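Heads up, protein09.csv below (CSV, C-alpha atoms):
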chain,number,residue,atom,x,y,z
K,1,THR,CA,1.7,-26.1,17.5
K,2,LEU,CA,-1.1,-27.1,19.9
K,3,SER,CA,-3.9,-29.3,18.6
K,4,LEU,CA,-6.7,-30.8,20.6
K,5,SER,CA,-7.7,-33.1,17.8
K,6,ALA,CA,-7.6,-36.9,17.9
K,7,PRO,CA,-4.0,-38.2,17.8
K,8,ALA,CA,-2.6,-38.8,14.4
K,9,LEU,CA,-1.5,-42.3,13.4
K,10,ALA,CA,1.7,-42.0,11.4
K,11,ASP,CA,5.2,-43.3,11.1
K,12,GLU,CA,8.2,-42.6,13.4
K,13,SER,CA,9.7,-40.0,11.0
K,14,GLU,CA,6.8,-37.6,11.5
K,15,LYS,CA,7.5,-34.6,13.6
K,16,ILE,CA,4.6,-35.2,15.9
K,17,VAL,CA,4.1,-36.2,19.5
K,18,ASN,CA,0.7,-37.2,20.9
K,19,VAL,CA,0.3,-36.5,24.6
K,20,PHE,CA,-2.5,-37.5,26.9
K,21,SER,CA,-2.7,-35.6,30.2
K,22,TRP,CA,-5.0,-33.7,32.6
K,23,ASN,CA,-7.0,-30.5,32.6
K,24,ASP,CA,-5.0,-27.3,33.6
K,25,TYR,CA,-1.8,-29.3,33.9
K,26,ILE,CA,0.8,-27.7,31.7
K,27,GLY,CA,2.6,-24.4,31.5
K,28,GLU,CA,1.2,-21.5,29.5
K,29,HIS,CA,3.9,-21.6,26.8
K,30,THR,CA,5.4,-25.1,27.3
K,31,LEU,CA,4.0,-26.8,24.3
K,32,GLU,CA,4.7,-24.0,21.8
K,33,ASN,CA,8.2,-23.5,23.2
K,34,PHE,CA,8.9,-27.3,22.8
K,35,SER,CA,7.7,-27.1,19.2
K,36,LYS,CA,9.8,-24.1,18.4
K,37,GLU,CA,12.9,-25.7,19.8
K,38,THR,CA,12.4,-29.2,18.3
K,39,GLY,CA,10.2,-28.7,15.3
K,40,ILE,CA,7.9,-31.4,16.8
K,41,LYS,CA,4.2,-30.6,16.9
K,42,VAL,CA,2.3,-31.5,20.0
K,43,HIS,CA,-1.2,-33.0,19.8
K,44,TYR,CA,-2.4,-32.6,23.4
K,45,ASP,CA,-5.5,-34.4,24.7
K,46,ILE,CA,-7.0,-34.2,28.2
K,47,THR,CA,-9.1,-36.2,30.5
K,48,ASP,CA,-10.2,-35.8,34.1
K,49,ALA,CA,-10.6,-39.5,35.0
K,50,SER,CA,-7.7,-41.9,35.8
K,51,GLU,CA,-9.9,-44.8,34.8
K,52,VAL,CA,-10.3,-43.4,31.2
K,53,MET,CA,-6.5,-42.9,30.8
K,54,GLU,CA,-5.8,-46.4,32.1
K,55,ALA,CA,-8.4,-48.1,29.9
K,56,LYS,CA,-7.1,-46.4,26.7
K,57,ILE,CA,-3.5,-47.4,27.4
K,58,ILE,CA,-4.5,-51.0,28.3
K,59,ALA,CA,-6.7,-51.3,25.2
K,60,GLY,CA,-3.7,-50.4,23.0
K,61,LYS,CA,-3.6,-48.5,19.8
K,62,SER,CA,-4.5,-45.4,21.7
K,63,GLY,CA,-2.4,-43.3,19.3
K,64,TYR,CA,-0.6,-41.7,22.3
K,65,ASP,CA,3.2,-41.4,22.6
K,66,VAL,CA,3.3,-39.9,26.1
K,67,ALA,CA,0.7,-40.3,28.9
K,68,VAL,CA,0.6,-38.9,32.4
K,69,PRO,CA,-1.0,-41.6,34.7
K,70,SER,CA,-1.1,-41.7,38.5
K,71,SER,CA,1.7,-43.6,40.2
K,72,ASN,CA,-0.8,-45.6,42.2
K,73,PRO,CA,-2.3,-47.9,41.1
K,74,THR,CA,-2.2,-47.2,37.4
K,75,VAL,CA,1.6,-47.2,36.7
K,76,PRO,CA,2.3,-50.6,38.4
K,77,ARG,CA,-0.7,-52.1,36.7
K,78,LEU,CA,0.4,-50.9,33.3
K,79,ILE,CA,3.9,-52.2,33.9
K,80,SER,CA,2.6,-55.6,35.1
K,81,ILE,CA,0.8,-56.2,31.8
K,82,GLY,CA,3.6,-54.9,29.6
K,83,ALA,CA,1.7,-51.8,28.4
K,84,LEU,CA,4.6,-49.4,28.9
K,85,HIS,CA,7.7,-48.9,26.8
K,86,LYS,CA,11.0,-49.2,28.7
K,87,PHE,CA,12.9,-45.9,28.6
K,88,ASP,CA,16.1,-45.5,26.6
K,89,LYS,CA,17.8,-43.4,29.3
K,90,SER,CA,20.5,-42.3,27.0
K,91,LYS,CA,17.7,-40.2,25.3
K,92,ILE,CA,16.6,-38.7,28.6
K,93,PRO,CA,19.8,-37.2,30.0
K,94,ASN,CA,17.8,-34.7,32.1
K,95,LEU,CA,16.9,-37.6,34.4
K,96,LYS,CA,20.0,-36.5,36.3
K,97,TYR,CA,17.9,-33.6,37.7
K,98,VAL,CA,15.2,-35.8,39.4
K,99,ASP,CA,15.3,-35.6,43.2
K,100,PRO,CA,17.0,-38.9,44.3
K,101,GLN,CA,14.8,-39.1,47.4
K,102,LEU,CA,11.6,-38.9,45.3
K,103,ALA,CA,13.0,-41.2,42.6
K,104,LYS,CA,13.6,-43.8,45.4
K,105,ILE,CA,9.9,-43.5,46.5
K,106,ALA,CA,8.9,-43.8,42.8
K,107,GLU,CA,10.8,-47.1,42.6
K,108,GLU,CA,8.0,-48.6,44.8
K,109,VAL,CA,5.8,-48.5,41.7
K,110,ASP,CA,8.5,-48.7,39.0
K,111,PRO,CA,11.6,-50.7,40.0
K,112,GLY,CA,14.7,-49.1,38.6
K,113,ASN,CA,12.7,-46.1,37.4
K,114,GLU,CA,12.7,-47.8,34.0
K,115,HIS,CA,9.2,-46.9,32.7
K,116,ALA,CA,8.1,-43.7,34.3
K,117,VAL,CA,9.4,-40.3,35.5
K,118,ILE,CA,7.7,-38.0,38.0
K,119,TYR,CA,5.9,-35.1,36.4
K,120,GLN,CA,4.3,-33.5,39.5
K,121,TYR,CA,3.1,-34.9,42.8
K,122,THR,CA,0.1,-34.3,44.9
K,123,VAL,CA,-1.6,-35.2,48.2
K,124,ILE,CA,-5.3,-35.6,48.9
K,125,GLY,CA,-6.4,-33.1,51.5
K,126,LEU,CA,-8.7,-30.3,52.5
K,127,GLY,CA,-9.4,-27.2,50.5
K,128,VAL,CA,-10.9,-24.8,53.0
K,129,ASN,CA,-12.4,-21.3,52.6
K,130,GLU,CA,-11.3,-20.6,56.2
K,131,THR,CA,-13.2,-17.3,56.3
K,132,LYS,CA,-16.6,-18.9,55.4
K,133,VAL,CA,-16.1,-22.0,57.5
K,134,ARG,CA,-15.2,-19.9,60.6
K,135,GLU,CA,-18.3,-17.8,60.1
K,136,ILE,CA,-20.4,-20.9,60.6
K,137,ILE,CA,-18.1,-22.8,63.1
K,138,PRO,CA,-15.7,-20.4,64.8
K,139,ASP,CA,-13.6,-23.1,66.4
K,140,ALA,CA,-13.6,-25.4,63.3
K,141,PRO,CA,-10.6,-27.9,63.2
K,142,LEU,CA,-9.4,-26.6,59.8
K,143,ASP,CA,-6.9,-29.4,59.2
K,144,SER,CA,-9.2,-32.3,60.2
K,145,LEU,CA,-11.3,-34.6,57.9
K,146,ASP,CA,-13.9,-34.3,60.7
K,147,LEU,CA,-15.1,-31.2,58.9
K,148,ILE,CA,-16.6,-33.3,56.2
K,149,LEU,CA,-16.8,-36.8,57.7
K,150,LYS,CA,-18.5,-36.0,61.0
K,151,PRO,CA,-22.2,-35.3,60.4
K,152,GLU,CA,-22.4,-32.6,63.1
K,153,TYR,CA,-19.9,-30.5,61.1
K,154,ALA,CA,-20.9,-31.5,57.6
K,155,GLU,CA,-24.6,-30.6,58.2
K,156,LYS,CA,-23.7,-27.1,59.2
K,157,LEU,CA,-21.0,-26.5,56.5
K,158,SER,CA,-23.3,-27.9,53.8
K,159,LYS,CA,-24.8,-24.4,53.8
K,160,CYS,CA,-21.7,-23.0,52.2
K,161,GLY,CA,-21.1,-26.0,50.0
K,162,ILE,CA,-19.1,-29.3,50.4
K,163,VAL,CA,-17.6,-31.2,47.5
K,164,MET,CA,-15.6,-34.4,47.2
K,165,LEU,CA,-13.0,-35.5,44.6
K,166,ASP,CA,-14.6,-38.2,42.5
K,167,SER,CA,-12.1,-41.0,42.4
K,168,ALA,CA,-12.4,-44.4,44.1
K,169,LEU,CA,-8.8,-44.9,43.2
K,170,VAL,CA,-7.4,-42.4,45.6
K,171,MET,CA,-10.3,-41.5,48.0
K,172,VAL,CA,-11.1,-44.9,49.5
K,173,SER,CA,-7.5,-45.3,51.0
K,174,THR,CA,-7.7,-41.9,52.8
K,175,LEU,CA,-11.3,-42.7,54.0
K,176,ALA,CA,-10.4,-46.2,55.2
K,177,HIS,CA,-7.4,-44.8,57.1
K,178,TYR,CA,-9.6,-42.1,58.7
K,179,TYR,CA,-12.1,-44.6,59.9
K,180,GLY,CA,-9.4,-46.7,61.5
K,181,PHE,CA,-9.1,-49.5,58.9
K,182,ASP,CA,-6.0,-50.6,57.0
K,183,LYS,CA,-5.6,-48.0,54.1
K,184,ASP,CA,-5.4,-50.8,51.6
K,185,THR,CA,-8.4,-52.8,52.9
K,186,THR,CA,-10.7,-54.6,50.5
K,187,ASN,CA,-12.2,-56.7,53.2
K,188,ASP,CA,-16.0,-56.8,52.7
K,189,ASP,CA,-16.9,-56.1,56.3
K,190,ASP,CA,-14.5,-53.1,56.5
K,191,LEU,CA,-15.9,-51.7,53.2
K,192,ARG,CA,-19.5,-52.2,54.5
K,193,LYS,CA,-18.7,-50.3,57.7
K,194,ILE,CA,-17.0,-47.5,55.7
K,195,GLU,CA,-20.1,-47.3,53.5
K,196,THR,CA,-22.4,-47.0,56.5
K,197,GLU,CA,-20.3,-44.1,57.9
K,198,LEU,CA,-20.2,-42.3,54.5
K,199,LEU,CA,-23.9,-42.6,53.9
K,200,LYS,CA,-24.4,-40.5,57.1
K,201,ILE,CA,-22.8,-37.5,55.5
K,202,ARG,CA,-24.0,-38.1,51.9
K,203,PRO,CA,-26.9,-35.6,52.2
K,204,TYR,CA,-24.4,-32.8,52.9
K,205,ILE,CA,-22.2,-33.4,49.8
K,206,ARG,CA,-23.2,-31.0,47.0
K,207,TYR,CA,-21.4,-32.9,44.2
K,208,PHE,CA,-18.5,-35.2,43.3
K,209,HIS,CA,-16.0,-34.2,40.5
K,210,SER,CA,-12.4,-34.3,39.5
K,211,SER,CA,-11.8,-30.7,38.7
K,212,ALA,CA,-15.0,-28.5,38.8
K,213,TYR,CA,-14.3,-27.6,42.4
K,214,ILE,CA,-11.3,-25.4,41.4
K,215,ASN,CA,-13.5,-22.7,40.0
K,216,ASP,CA,-16.2,-23.2,42.6
K,217,LEU,CA,-13.8,-22.8,45.5
K,218,ALA,CA,-12.2,-19.7,43.8
K,219,SER,CA,-15.6,-18.0,43.2
K,220,GLU,CA,-16.8,-19.0,46.8
K,221,ASP,CA,-19.7,-21.1,45.5
K,222,ILE,CA,-18.4,-23.8,47.8
K,223,CYS,CA,-16.3,-23.5,51.0
K,224,LEU,CA,-14.9,-27.0,51.5
K,225,VAL,CA,-13.5,-29.8,49.4
K,226,ILE,CA,-11.5,-33.0,49.8
K,227,GLY,CA,-9.3,-32.7,46.7
K,228,TYR,CA,-5.9,-32.5,45.2
K,229,SER,CA,-3.4,-30.1,46.8
K,230,GLY,CA,-2.4,-28.4,43.5
K,231,ASP,CA,-6.1,-27.9,42.5
K,232,VAL,CA,-6.7,-26.1,45.8
K,233,ASN,CA,-3.6,-24.0,45.4
K,234,GLN,CA,-4.9,-23.0,41.9
K,235,ALA,CA,-8.3,-22.1,43.4
K,236,ALA,CA,-6.6,-19.9,46.0
K,237,SER,CA,-4.7,-18.1,43.3
K,238,ARG,CA,-7.8,-17.6,41.2
K,239,ALA,CA,-9.7,-16.3,44.2
K,240,ARG,CA,-7.0,-13.7,44.8
K,241,ASP,CA,-7.1,-12.7,41.1
K,242,LEU,CA,-10.9,-12.2,41.5
K,243,GLY,CA,-10.3,-9.9,44.5
K,244,SER,CA,-11.7,-12.3,47.1
K,245,LYS,CA,-11.3,-11.2,50.7
K,246,SER,CA,-11.6,-14.8,51.9
K,247,THR,CA,-8.6,-17.0,52.9
K,248,ILE,CA,-8.5,-20.2,51.0
K,249,LYS,CA,-5.9,-22.8,52.0
K,250,PHE,CA,-4.9,-26.4,51.5
K,251,HIS,CA,-4.4,-28.5,54.6
K,252,VAL,CA,-2.8,-32.0,54.8
K,253,PRO,CA,-5.3,-33.7,57.2
K,254,ARG,CA,-3.9,-34.3,60.6
K,255,GLU,CA,-5.3,-37.9,60.3
K,256,GLY,CA,-3.2,-38.6,57.2
K,257,SER,CA,-3.9,-38.9,53.5
K,258,GLU,CA,-2.9,-40.4,50.2
K,259,PHE,CA,0.3,-39.1,48.4
K,260,ASN,CA,0.6,-39.7,44.7
K,261,PHE,CA,2.8,-38.9,41.8
K,262,ASP,CA,1.6,-38.2,38.3
K,263,MET,CA,4.2,-39.8,36.0
K,264,MET,CA,5.2,-39.4,32.3
K,265,VAL,CA,5.2,-42.8,30.5
K,266,ILE,CA,5.5,-44.0,26.9
K,267,PRO,CA,2.8,-46.6,25.9
K,268,GLU,CA,4.3,-49.8,24.5
K,269,ASP,CA,2.7,-49.3,21.1
K,270,ALA,CA,3.6,-45.6,20.8
K,271,GLU,CA,4.2,-44.5,17.2
K,272,HIS,CA,6.8,-41.8,17.8
K,273,ILE,CA,9.2,-43.2,20.4
K,274,ASP,CA,12.1,-40.8,19.7
K,275,ASN,CA,9.7,-37.8,19.9
K,276,ALA,CA,8.3,-39.2,23.1
K,277,HIS,CA,11.8,-39.4,24.7
K,278,ALA,CA,12.5,-35.8,23.4
K,279,TYR,CA,9.3,-34.5,25.0
K,280,ILE,CA,9.9,-36.1,28.4
K,281,ASN,CA,13.6,-34.9,28.4
K,282,TYR,CA,12.4,-31.4,27.6
K,283,ILE,CA,9.7,-31.3,30.3
K,284,ILE,CA,12.1,-32.3,33.1
K,285,ARG,CA,14.7,-29.7,32.2
K,286,PRO,CA,14.8,-27.3,35.3
K,287,GLU,CA,14.1,-24.1,33.3
K,288,VAL,CA,11.0,-25.8,31.7
K,289,MET,CA,9.7,-27.5,34.8
K,290,GLY,CA,9.9,-24.4,36.9
K,291,PRO,CA,7.4,-22.3,34.9
K,292,ILE,CA,5.1,-25.3,34.6
K,293,SER,CA,4.9,-25.6,38.5
K,294,ASP,CA,4.7,-21.9,38.7
K,295,HIS,CA,1.6,-21.9,36.4
K,296,ILE,CA,-0.3,-25.0,37.7
K,297,GLU,CA,0.9,-24.7,41.3
K,298,TYR,CA,1.8,-28.3,41.8
K,299,PRO,CA,5.1,-29.3,43.2
K,300,ASN,CA,7.6,-31.2,41.0
K,301,ALA,CA,10.5,-33.5,41.5
K,302,ILE,CA,13.2,-31.3,40.0
K,303,PRO,CA,14.9,-29.3,42.8
K,304,GLU,CA,16.8,-27.1,40.4
K,305,SER,CA,13.6,-25.9,38.8
K,306,ARG,CA,12.9,-23.8,41.9
K,307,LYS,CA,15.4,-21.2,40.5
K,308,TYR,CA,12.8,-20.6,37.8
K,309,MET,CA,9.8,-20.2,40.1
K,310,SER,CA,8.1,-17.3,41.8
K,311,PRO,CA,9.5,-16.7,45.4
K,312,GLU,CA,6.0,-16.7,46.9
K,313,LEU,CA,5.4,-20.3,45.7
K,314,LEU,CA,8.6,-21.4,47.4
K,315,VAL,CA,7.4,-20.5,50.9
K,316,PRO,CA,7.4,-23.8,52.9
K,317,GLY,CA,3.9,-25.3,52.8
K,318,ARG,CA,2.7,-23.1,49.9
K,319,ILE,CA,3.0,-25.8,47.2
K,320,PHE,CA,6.0,-27.9,48.4
K,321,LEU,CA,5.0,-29.9,51.4
K,322,SER,CA,6.9,-29.4,54.7
K,323,ASN,CA,8.6,-32.5,56.1
K,324,GLU,CA,6.0,-32.6,58.8
K,325,ASP,CA,3.2,-32.7,56.2
K,326,LEU,CA,5.0,-35.4,54.2
K,327,LYS,CA,5.3,-37.6,57.3
K,328,ARG,CA,1.4,-37.6,57.6
K,329,THR,CA,1.0,-38.9,54.0
K,330,PHE,CA,1.1,-42.5,52.7
K,331,THR,CA,1.1,-44.3,49.4
K,332,SER,CA,-1.3,-47.2,48.7
K,333,LYS,CA,-0.4,-50.6,47.5
K,334,PHE,CA,-1.2,-52.0,44.0
K,335,LEU,CA,-4.7,-53.3,43.9
K,336,THR,CA,-5.9,-56.2,41.7
K,337,LYS,CA,-8.9,-55.7,39.4
K,338,LEU,CA,-11.2,-57.6,41.8
K,339,GLU,CA,-10.0,-55.4,44.7
K,340,MET,CA,-10.5,-52.3,42.6
K,341,ARG,CA,-14.0,-53.4,41.6
K,342,LYS,CA,-15.0,-53.7,45.3
K,343,ARG,CA,-13.8,-50.2,46.0
K,344,ASN,CA,-15.6,-48.9,42.9
K,345,ARG,CA,-18.8,-50.6,44.1
K,346,LEU,CA,-18.5,-48.9,47.5
K,347,TRP,CA,-17.8,-45.5,45.9
K,348,THR,CA,-20.8,-45.8,43.5
K,349,LYS,CA,-23.1,-46.7,46.4
K,350,PHE,CA,-21.9,-43.7,48.3
K,351,ILE,CA,-22.4,-41.3,45.4
K,352,TYR,CA,-25.9,-42.5,44.4
K,353,ASN,CA,-27.4,-43.5,47.8
K,354,LYS,CA,-28.4,-40.0,48.8
Transcribe the structure of this file into C-alpha cells.
Amino acid sequence: TLSLSAPALADESEKIVNVFSWNDYIGEHTLENFSKETGIKVHYDITDASEVMEAKIIAGKSGYDVAVPSSNPTVPRLISIGALHKFDKSKIPNLKYVDPQLAKIAEEVDPGNEHAVIYQYTVIGLGVNETKVREIIPDAPLDSLDLILKPEYAEKLSKCGIVMLDSALVMVSTLAHYYGFDKDTTNDDDLRKIETELLKIRPYIRYFHSSAYINDLASEDICLVIGYSGDVNQAASRARDLGSKSTIKFHVPREGSEFNFDMMVIPEDAEHIDNAHAYINYIIRPEVMGPISDHIEYPNAIPESRKYMSPELLVPGRIFLSNEDLKRTFTSKFLTKLEMRKRNRLWTKFIYNK
C-alpha cells in the first residue's frame, strides 16, 4: 500500500493517489489504513525543501494528486498562477471539523478556503537543550533569539552545537523582525544591515538543514536550533526514548516569530481528482488526524481530533500553542519572485560567507 516510487501516470479510474509531502510527517498506519478502507493505493514521496515542492507543482505534470505546501508564501503563489484545483467541497464533508478560527486565518492565503485545507501548523522558534545550555550559561534567556543572534551568547554555545533551519522562505521574516525591521521587508538597505548582523554569528553555526537537527538534538550532538516547533517536539520525544537526562524544550521566542500552516492541495493537473478528494477527506477525519498529530507531534486544526490523542500531548504548550504564545507569532505577506530572489540572495550569502 505504501510505495516511494515515482508517481504513476494513469487515468482517473485507477485506484491510486500520488501524494507529495514532508519527511516524518504522517501517522504510523495512516496510509495503510486509508488503502484498506478505500482500496486506493498511496504513492507517497517526500522532500525537505519548500522550493522543490513549489517548483514541481508550478512546472506542471508533476504526477501528484495531493501536495502539502506551506501556507506562506507557496499557497497564494500557486493560487495566483492557477496551479491548484478548486475543491469540490461536496466530496470533502469532513471540512466541517476544521477549527473555524484557524480556517479564518487560512483565508488570508486562500480566500473562501477554496483550494487548500490545513494539515498541521507550526511556528519557528528555539529548540533548546536547557540542561546543556545552562551548564555553559547558567542565566541564559532560554526563550530569546539572543541565544543564537547575539555573538556573545553564540560564541559560548557553539561549543555544544548551534544549528539553523535552512529556509529563506520562513527564516528571513523572523530575523528581520528580531533586528527591528518590517518582517516583510525586501528593502536593499534593510537586507544589507540584516546580512551584516548575521555574518557576525556565522562562525558559530554548525550547519543549516531542514530536518537533520531532529536526530542531532535528540542525541545531544547539538544543544540549540532555530527550527520548527513540531520537529523540536519530535526531538524531545526521541531524547526521552533514548534515556536522555537532559531537558529539551521548544520556546516561542519572546521577540516573536513566523507562524505557518502546511496545507493539503490538489494540483490543477492532478490525474486522480476523486481519489485526491477522498484522501483529503480521510485525513481530516478526527479519528485519523488525532493519531497523526500524536505520532509526529505537530498541532492540527481539527479540535475533535484531541479525543484521539495522548493526554500528555494535550498539556497546554506541549504541542498546541498557548494563546500567549500565539499572540507573539505573525504570518508573512505574499512575496513576488523578485522579492523572494532578494531574500534568497541574503540567505545564500549568510550560509556561505563563513
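If you count only C-alpha atoms and ignore residues fewer than 4 places along the chain from K:Asn113, what sits within 10 Å of it is Lys86, Phe87, Lys89, Leu95, Ala103, Lys104, Ile105, Ala106, Glu107, Glu108, Val109, Val117 and Ile118 of chain K.
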List as a list in words the protein and nucleic acid residues near K:Ile81, meaning an atom at most 12 Å away when all atoms listed in the file are counted, but skip any in the same chain fewer than 6 places from it. Glu54, Ile57, Ile58, Ala59, Gly60, Thr74, Val75, Pro267, Glu268 and Thr336 of chain K
So that I can check the surroundings of stretch 219-224 of chain K, please list as an MDAnalysis selection string every protein, DNA and RNA residue that reaches within 9 Å of it, counting only C-alpha atoms and ignoring chain neighbours fewer than 2 positions away. chainID K and resid 126:133 147:148 157:164 206 213:217 226 235 238:239 242 244 246 248
Here atom CA of K:Leu335 and atom CA of K:Leu84 stand apart by 18.1 Å
Between K:Asn94, K:Ser173, K:Ser71, K:Thr38, which one has atoms that come closest to K:Met289, using only C-alpha atoms?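 Between K:Asn94, K:Ser173, K:Ser71, K:Thr38, the residue approaching K:Met289 most closely is K:Asn94.
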With distances taken over only C-alpha atoms, which residue among K:Lys41, K:His85, K:Arg134, K:His295 lies nearest K:Ala270?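 When distances to K:Ala270 are compared using only C-alpha atoms, the smallest one comes from K:His85.
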One-decimal distance in Å that lies between atom CA of K:Ala176 and atom CA of K:Asn353: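 Distance between the two atoms: 18.7 Å.
You will find atom CA of K:Lys96 at 24.7 Å from atom CA of K:Val123.
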Restore N, CA and C atoms in stretch 286-311 of chain K and list the result as a PDB file, in the frame of the given file.
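Dumped everything to part.pdb:
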ATOM      1  N   PRO K 286      15.163 -28.211  34.168  1.00  0.00           N
ATOM      2  CA  PRO K 286      14.800 -27.300  35.300  1.00  0.00           C
ATOM      3  C   PRO K 286      14.100 -26.005  34.782  1.00  0.00           C
ATOM      4  N   GLU K 287      14.646 -25.380  33.704  1.00  0.00           N
ATOM      5  CA  GLU K 287      14.100 -24.100  33.300  1.00  0.00           C
ATOM      6  C   GLU K 287      12.733 -24.258  32.562  1.00  0.00           C
ATOM      7  N   VAL K 288      12.365 -25.495  32.230  1.00  0.00           N
ATOM      8  CA  VAL K 288      11.000 -25.800  31.700  1.00  0.00           C
ATOM      9  C   VAL K 288      10.073 -26.152  32.788  1.00  0.00           C
ATOM     10  N   MET K 289      10.521 -27.031  33.679  1.00  0.00           N
ATOM     11  CA  MET K 289       9.700 -27.500  34.800  1.00  0.00           C
ATOM     12  C   MET K 289       9.287 -26.403  35.744  1.00  0.00           C
ATOM     13  N   GLY K 290      10.223 -25.474  36.000  1.00  0.00           N
ATOM     14  CA  GLY K 290       9.900 -24.400  36.900  1.00  0.00           C
ATOM     15  C   GLY K 290       8.687 -23.595  36.543  1.00  0.00           C
ATOM     16  N   PRO K 291       8.635 -23.059  35.312  1.00  0.00           N
ATOM     17  CA  PRO K 291       7.400 -22.300  34.900  1.00  0.00           C
ATOM     18  C   PRO K 291       6.164 -23.163  34.851  1.00  0.00           C
ATOM     19  N   ILE K 292       6.294 -24.483  34.610  1.00  0.00           N
ATOM     20  CA  ILE K 292       5.100 -25.300  34.600  1.00  0.00           C
ATOM     21  C   ILE K 292       4.524 -25.332  36.066  1.00  0.00           C
ATOM     22  N   SER K 293       5.362 -25.629  37.064  1.00  0.00           N
ATOM     23  CA  SER K 293       4.900 -25.600  38.500  1.00  0.00           C
ATOM     24  C   SER K 293       4.399 -24.263  38.885  1.00  0.00           C
ATOM     25  N   ASP K 294       5.061 -23.231  38.384  1.00  0.00           N
ATOM     26  CA  ASP K 294       4.700 -21.900  38.700  1.00  0.00           C
ATOM     27  C   ASP K 294       3.228 -21.602  38.232  1.00  0.00           C
ATOM     28  N   HIS K 295       2.905 -22.124  37.044  1.00  0.00           N
ATOM     29  CA  HIS K 295       1.600 -21.900  36.400  1.00  0.00           C
ATOM     30  C   HIS K 295       0.504 -22.745  37.049  1.00  0.00           C
ATOM     31  N   ILE K 296       0.796 -24.035  37.240  1.00  0.00           N
ATOM     32  CA  ILE K 296      -0.300 -25.000  37.700  1.00  0.00           C
ATOM     33  C   ILE K 296      -0.276 -25.124  39.212  1.00  0.00           C
ATOM     34  N   GLU K 297       0.772 -24.630  39.874  1.00  0.00           N
ATOM     35  CA  GLU K 297       0.900 -24.700  41.300  1.00  0.00           C
ATOM     36  C   GLU K 297       0.834 -26.070  41.929  1.00  0.00           C
ATOM     37  N   TYR K 298       1.508 -26.962  41.239  1.00  0.00           N
ATOM     38  CA  TYR K 298       1.800 -28.300  41.800  1.00  0.00           C
ATOM     39  C   TYR K 298       3.280 -28.417  41.990  1.00  0.00           C
ATOM     40  N   PRO K 299       3.713 -29.152  43.021  1.00  0.00           N
ATOM     41  CA  PRO K 299       5.100 -29.300  43.200  1.00  0.00           C
ATOM     42  C   PRO K 299       5.714 -30.397  42.286  1.00  0.00           C
ATOM     43  N   ASN K 300       6.968 -30.200  41.873  1.00  0.00           N
ATOM     44  CA  ASN K 300       7.600 -31.200  41.000  1.00  0.00           C
ATOM     45  C   ASN K 300       8.785 -31.835  41.667  1.00  0.00           C
ATOM     46  N   ALA K 301       9.439 -32.728  40.944  1.00  0.00           N
ATOM     47  CA  ALA K 301      10.500 -33.500  41.500  1.00  0.00           C
ATOM     48  C   ALA K 301      11.907 -33.054  41.032  1.00  0.00           C
ATOM     49  N   ILE K 302      11.970 -31.819  40.545  1.00  0.00           N
ATOM     50  CA  ILE K 302      13.200 -31.300  40.000  1.00  0.00           C
ATOM     51  C   ILE K 302      13.679 -30.119  40.871  1.00  0.00           C
ATOM     52  N   PRO K 303      14.502 -30.379  41.890  1.00  0.00           N
ATOM     53  CA  PRO K 303      14.900 -29.300  42.800  1.00  0.00           C
ATOM     54  C   PRO K 303      15.451 -28.063  42.143  1.00  0.00           C
ATOM     55  N   GLU K 304      16.234 -28.255  41.066  1.00  0.00           N
ATOM     56  CA  GLU K 304      16.800 -27.100  40.400  1.00  0.00           C
ATOM     57  C   GLU K 304      15.823 -26.196  39.703  1.00  0.00           C
ATOM     58  N   SER K 305      14.602 -26.714  39.508  1.00  0.00           N
ATOM     59  CA  SER K 305      13.600 -25.900  38.800  1.00  0.00           C
ATOM     60  C   SER K 305      13.123 -24.739  39.718  1.00  0.00           C
ATOM     61  N   ARG K 306      13.417 -24.816  41.012  1.00  0.00           N
ATOM     62  CA  ARG K 306      12.900 -23.800  41.900  1.00  0.00           C
ATOM     63  C   ARG K 306      13.590 -22.415  41.620  1.00  0.00           C
ATOM     64  N   LYS K 307      14.745 -22.466  40.960  1.00  0.00           N
ATOM     65  CA  LYS K 307      15.400 -21.200  40.500  1.00  0.00           C
ATOM     66  C   LYS K 307      14.547 -20.448  39.534  1.00  0.00           C
ATOM     67  N   TYR K 308      13.635 -21.169  38.882  1.00  0.00           N
ATOM     68  CA  TYR K 308      12.800 -20.600  37.800  1.00  0.00           C
ATOM     69  C   TYR K 308      11.372 -20.393  38.257  1.00  0.00           C
ATOM     70  N   MET K 309      11.144 -20.348  39.573  1.00  0.00           N
ATOM     71  CA  MET K 309       9.800 -20.200  40.100  1.00  0.00           C
ATOM     72  C   MET K 309       9.643 -18.930  40.913  1.00  0.00           C
ATOM     73  N   SER K 310       8.387 -18.480  41.056  1.00  0.00           N
ATOM     74  CA  SER K 310       8.100 -17.300  41.800  1.00  0.00           C
ATOM     75  C   SER K 310       8.447 -17.516  43.316  1.00  0.00           C
ATOM     76  N   PRO K 311       9.117 -16.568  43.964  1.00  0.00           N
ATOM     77  CA  PRO K 311       9.500 -16.700  45.400  1.00  0.00           C
ATOM     78  C   PRO K 311       8.317 -17.057  46.290  1.00  0.00           C
TER      79      PRO K 311
END
